[in-house]
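Structure first, then comments.
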Amino acid sequence: MMKVLVSDKMDEAGIEIFKNQEGIDVDVNTGLSPEALRDIIGSYDALAIRSATKVDKALMDAAVNLKVIARAGIGLDNVDIDEATRKGVAVMNTPGGNTVTTAEHAIAMMMSLTRNIPRATASMKAGKWEKKLLQGREIFNKVLGVVGFGNIGSIVANLGKGLRMRVIVYDPNISKEHIEKQGFEYVDLDTLYHTADYITIHVPKMEATIDLLDAEAFEKMKQGVYVINCARGGIVNETALHEAIVSGKVAGAALDVFSTEPPEDLPLLGLDQVVATPHLGASTKEAQTNVAVAAANQIIAYLLFDTVINAVNVPSVTGEVLRQLKPFLYLAEKMGKMQAQLISGGIKEVQIEYIGKFPDLDLKPVTIAAIKGLLNQFLPYEVNSVNAISLANEKGIKISESTAQDSGNFINLIRITVVTDTGTDVVAGTIFGKDTARIVRINKFRLEVIPEGHLGLIHNVDKPGSIGSIGNTLGKHAINISRMMVGREEDGQRNIIFLKTDTPVPADVIEEIESLPLVVSMKTFEL
């Protein structure tokens, strides 16, 4: 039974999905102090959160059984993703559940700011009629600058286009061709600052975007620009924005997010030119239901079916994709395990080549499976699909991937080359038919091996009697050979015998076999 903890308030629709799922035991325990949460987290396999729970290193250290964290929403600045990755915990969000809601809120904020709706409402309720003082302006034909063309930013751009605005877009991670294909004008950031009448922010909060809109950025903007931030607090420098509004450079700002939430003694909130809401971008009934349902389904898919959806620290592999990649994932992990038992010395580099025909899919999960199989043999703690690449990077292991078309006699071939400080080893494998994994090369030897069970690799002189002496020795120790494969070195000087035995071959028997006149060496593998 997998245990799930819901530590923040979540729509009941998501809770019901957990309750109705066989194999899942859910506890809802919200409002816990950090200390109380640390005391109980160790018994849970999954954690469902929103923005209140802070998942820091201390919590991760206590979460000894945790496998997945799912955020019912988009932002993950309350989660130490690097620490979760090191611990092998998948971190997921639900980017599709509240995109429309947040985009609509940005447009609503822009309209409220432009037409002074909040100030006019307050004025009317105070018994005033300040029609001339609260005159607004049209957005028709104005320039809307959209910073970030992701799920939300692209919807905002379309809504702006529907309002007959000229929409310009900046996003360094999306190609100019894609943005122009969607019907928008791609510009660099300085051009956006110089040109836009309205600037709306739709980028994630990370090191590169903190204080993205600072004093220097405001200096580059048009006189009388409006700024809208419904993304994350801290992307707009609040001190610099205050100064820009007071100076008249910025005509007004609409803010749904703040550096500290709730904000304390924030001068911006004392300005008439600022419209503010308490982080309401995703706060609609529809959005909260959507993200709760999505988070619940993602946790269940991961815990029960090994399906990864919307993870930020591991490639997403959904049902159909997983079905197509599964034979390659299995083969790559077995090859990684074999390499780990074949090599000697410290690993410097891993080269993974995909040769021939593969599914028209992202093969990153296959690379991760190979690295997982390799590192699991060396490290005292679990290496999984989440932390494999991170751990390799920490150890200074260079990982390279390449593709080629000519796979010789095979439809597809995976070749893994491991470079250590003492030498280089190569293992190649393929899939026969739909899902039959075979290892077909170990260094210079060509062979065909099923990668499972107790295996022995014997180098011997290619002369009569060598195989018989090996069989006799194993038989003397009651070790049954269930499968044998013989290959020949490319230069023809030595044979390689690959054995599968019903039981492991003990070290003293290996030593005895290596003492035989025609045997050069023996190495065993556990796959």
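So you can find residues: chains in the structure tokens are A, B, ... in the order shown, residues in each start at 1, and ligands are numbered from 1 in order.
If you count only C-alpha atoms and ignore residues fewer than 6 places along the chain from segment 82-92 of chain A, what sits within 6 Å of it is Lys67, Val68, Ile69, Ala70, Asn310, Ala311, Val312, Asn384, Val386 and Asn387 of chain A.
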Wanna dump the segment 318-369 of chain A-segment 422-432 of chain A contacts at 7 Å for me, each residue with its shortest atom pair and the distance in Å to one decimal, counting only C-alpha atoms, ordered by chain and number, as JSON lines?
{"residue": "A:Met335", "atom": "CA", "partner": "A:Val427", "partner_atom": "CA", "distance": 6.7}
{"residue": "A:Gln339", "atom": "CA", "partner": "A:Val427", "partner_atom": "CA", "distance": 6.9}
{"residue": "A:Ile343", "atom": "CA", "partner": "A:Asp425", "partner_atom": "CA", "distance": 6.5}
{"residue": "A:Ser344", "atom": "CA", "partner": "A:Thr422", "partner_atom": "CA", "distance": 6.7}
{"residue": "A:Gly345", "atom": "CA", "partner": "A:Thr422", "partner_atom": "CA", "distance": 5.5}
Inset, instruction - Compile the contact shell of segment 475-489 of chain A as a ChimeraX atom specification: residues with an atom at most 9 Å away, counting only C-alpha atoms, same-chain residues fewer than 4 positions apart removed. - result: /A:444-449,462,470-471,493-505,509
Inset, instruction - Do a neighbour search on Ile513 of chain A at 12 Å with only C-alpha atoms, toss out local chain neighbours closer than 3 positions, and write the hits as number ranges by chain. - result: A: 456-460, 466-477, 505-510, 516-524
Inset, instruction - Would you mind reading off the distance between atom CA of Gly224 of chain A and atom CA of Glu138 of chain A, one decimal, in Å? - result: 13.5 Å
Inset, instruction - Mind the document's chain letters and residue numbers, and return as an MDAnalysis selection string the residues of segment 3-225 of chain A that DSSP labels strand (DSSP E). - result: chainID A and resid 3:6 24:28 46:49 68:71 90:92 143:147 166:170 185:186 198:201 225
Contacts of Ala215 of chain A at 9 Å (only C-alpha atoms; same-chain gap of 3+ positions) as an mmCIF file with all heavy atoms, in the first residue's frame:
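Written output follows (result08.cif):
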data_model
loop_
_atom_site.group_PDB
_atom_site.id
_atom_site.type_symbol
_atom_site.label_atom_id
_atom_site.label_comp_id
_atom_site.auth_asym_id
_atom_site.auth_seq_id
_atom_site.Cartn_x
_atom_site.Cartn_y
_atom_site.Cartn_z
ATOM 1 N N PHE A 218 13.587 49.389 -16.312
ATOM 2 C CA PHE A 218 12.586 50.459 -16.349
ATOM 3 C C PHE A 218 13.096 51.680 -17.108
ATOM 4 O O PHE A 218 12.332 52.347 -17.801
ATOM 5 C CB PHE A 218 12.180 50.851 -14.925
ATOM 6 C CG PHE A 218 11.351 49.804 -14.229
ATOM 7 C CD1 PHE A 218 11.760 49.262 -13.020
ATOM 8 C CD2 PHE A 218 10.160 49.355 -14.782
ATOM 9 C CE1 PHE A 218 11.010 48.290 -12.370
ATOM 10 C CE2 PHE A 218 9.394 48.383 -14.144
ATOM 11 C CZ PHE A 218 9.830 47.844 -12.939
ATOM 12 N N GLU A 219 14.377 51.931 -17.017
ATOM 13 C CA GLU A 219 14.962 53.071 -17.723
ATOM 14 C C GLU A 219 14.821 52.924 -19.237
ATOM 15 O O GLU A 219 14.689 53.908 -19.971
ATOM 16 C CB GLU A 219 16.439 53.213 -17.338
ATOM 17 C CG GLU A 219 17.128 54.436 -17.920
ATOM 18 C CD GLU A 219 16.507 55.747 -17.442
ATOM 19 O OE1 GLU A 219 16.019 55.797 -16.291
ATOM 20 O OE2 GLU A 219 16.490 56.718 -18.228
ATOM 21 N N LYS A 220 14.823 51.672 -19.718
ATOM 22 C CA LYS A 220 14.733 51.417 -21.160
ATOM 23 C C LYS A 220 13.302 51.485 -21.686
ATOM 24 O O LYS A 220 13.088 51.523 -22.897
ATOM 25 C CB LYS A 220 15.304 50.030 -21.472
ATOM 26 C CG LYS A 220 16.788 49.877 -21.186
ATOM 27 C CD LYS A 220 17.243 48.434 -21.423
ATOM 28 C CE LYS A 220 18.725 48.270 -21.106
ATOM 29 N NZ LYS A 220 19.151 46.855 -21.279
ATOM 30 N N ASN A 237 11.502 43.879 -9.561
ATOM 31 C CA ASN A 237 12.091 44.486 -8.373
ATOM 32 C C ASN A 237 11.126 45.554 -7.834
ATOM 33 O O ASN A 237 10.869 46.556 -8.496
ATOM 34 C CB ASN A 237 13.453 45.110 -8.713
ATOM 35 C CG ASN A 237 14.149 45.675 -7.493
ATOM 36 O OD1 ASN A 237 13.716 46.659 -6.920
ATOM 37 N ND2 ASN A 237 15.239 45.042 -7.110
ATOM 38 N N THR A 239 11.238 47.695 -5.309
ATOM 39 C CA THR A 239 11.786 49.027 -5.002
ATOM 40 C C THR A 239 11.968 49.838 -6.272
ATOM 41 O O THR A 239 11.598 51.020 -6.341
ATOM 42 C CB THR A 239 13.131 48.897 -4.267
ATOM 43 O OG1 THR A 239 12.936 48.168 -3.045
ATOM 44 C CG2 THR A 239 13.713 50.273 -3.955
ATOM 45 N N ALA A 240 12.527 49.192 -7.304
ATOM 46 C CA ALA A 240 12.741 49.878 -8.576
ATOM 47 C C ALA A 240 11.415 50.256 -9.229
ATOM 48 O O ALA A 240 11.282 51.334 -9.822
ATOM 49 C CB ALA A 240 13.563 48.995 -9.510
ATOM 50 N N LEU A 241 10.411 49.386 -9.101
ATOM 51 C CA LEU A 241 9.096 49.691 -9.668
ATOM 52 C C LEU A 241 8.473 50.883 -8.951
ATOM 53 O O LEU A 241 7.900 51.774 -9.596
ATOM 54 C CB LEU A 241 8.188 48.462 -9.562
ATOM 55 C CG LEU A 241 6.744 48.659 -10.031
ATOM 56 C CD1 LEU A 241 6.691 49.083 -11.496
ATOM 57 C CD2 LEU A 241 5.917 47.389 -9.809
ATOM 58 N N GLU A 243 9.978 53.375 -7.510
ATOM 59 C CA GLU A 243 10.668 54.591 -7.958
ATOM 60 C C GLU A 243 10.249 54.980 -9.368
ATOM 61 O O GLU A 243 10.097 56.170 -9.682
ATOM 62 C CB GLU A 243 12.177 54.377 -7.884
ATOM 63 C CG GLU A 243 12.697 54.226 -6.449
ATOM 64 C CD GLU A 243 14.176 53.861 -6.394
ATOM 65 O OE1 GLU A 243 14.765 53.656 -7.480
ATOM 66 O OE2 GLU A 243 14.731 53.767 -5.282
ATOM 67 N N ALA A 244 10.048 53.973 -10.239
ATOM 68 C CA ALA A 244 9.666 54.258 -11.621
ATOM 69 C C ALA A 244 8.252 54.836 -11.705
ATOM 70 O O ALA A 244 7.972 55.685 -12.558
ATOM 71 C CB ALA A 244 9.771 52.987 -12.461
#
Legend entry - Tyr193 of chain A environment, 12 Å, only C-alpha atoms, sequence neighbours closer than 6 positions dropped, as a PyMOL selection string: chain A and resi 143-147+168-170+187+199-200+212-214+216-227+250
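Near Ile450 of chain A, within 8 Å and counting only C-alpha atoms, sit A:Ala437, A:Arg438, A:Ile439; same-chain residues fewer than 5 positions away were not included.
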Next, the residues of the selection above should be written as a PDB file, in the first residue's frame with N, CA, C and O atoms.
ATOM      1  N   ALA A 437      15.561  -8.570 -25.684  1.00  0.00           N
ATOM      2  CA  ALA A 437      16.844  -7.879 -25.486  1.00  0.00           C
ATOM      3  C   ALA A 437      17.999  -8.862 -25.612  1.00  0.00           C
ATOM      4  O   ALA A 437      17.954  -9.979 -25.079  1.00  0.00           O
ATOM      5  N   ARG A 438      19.062  -8.422 -26.286  1.00  0.00           N
ATOM      6  CA  ARG A 438      20.265  -9.222 -26.421  1.00  0.00           C
ATOM      7  C   ARG A 438      21.499  -8.314 -26.345  1.00  0.00           C
ATOM      8  O   ARG A 438      21.503  -7.220 -26.918  1.00  0.00           O
ATOM      9  N   ILE A 439      22.523  -8.794 -25.656  1.00  0.00           N
ATOM     10  CA  ILE A 439      23.832  -8.143 -25.717  1.00  0.00           C
ATOM     11  C   ILE A 439      24.622  -8.841 -26.818  1.00  0.00           C
ATOM     12  O   ILE A 439      24.732 -10.072 -26.828  1.00  0.00           O
TER      13      ILE A 439
END
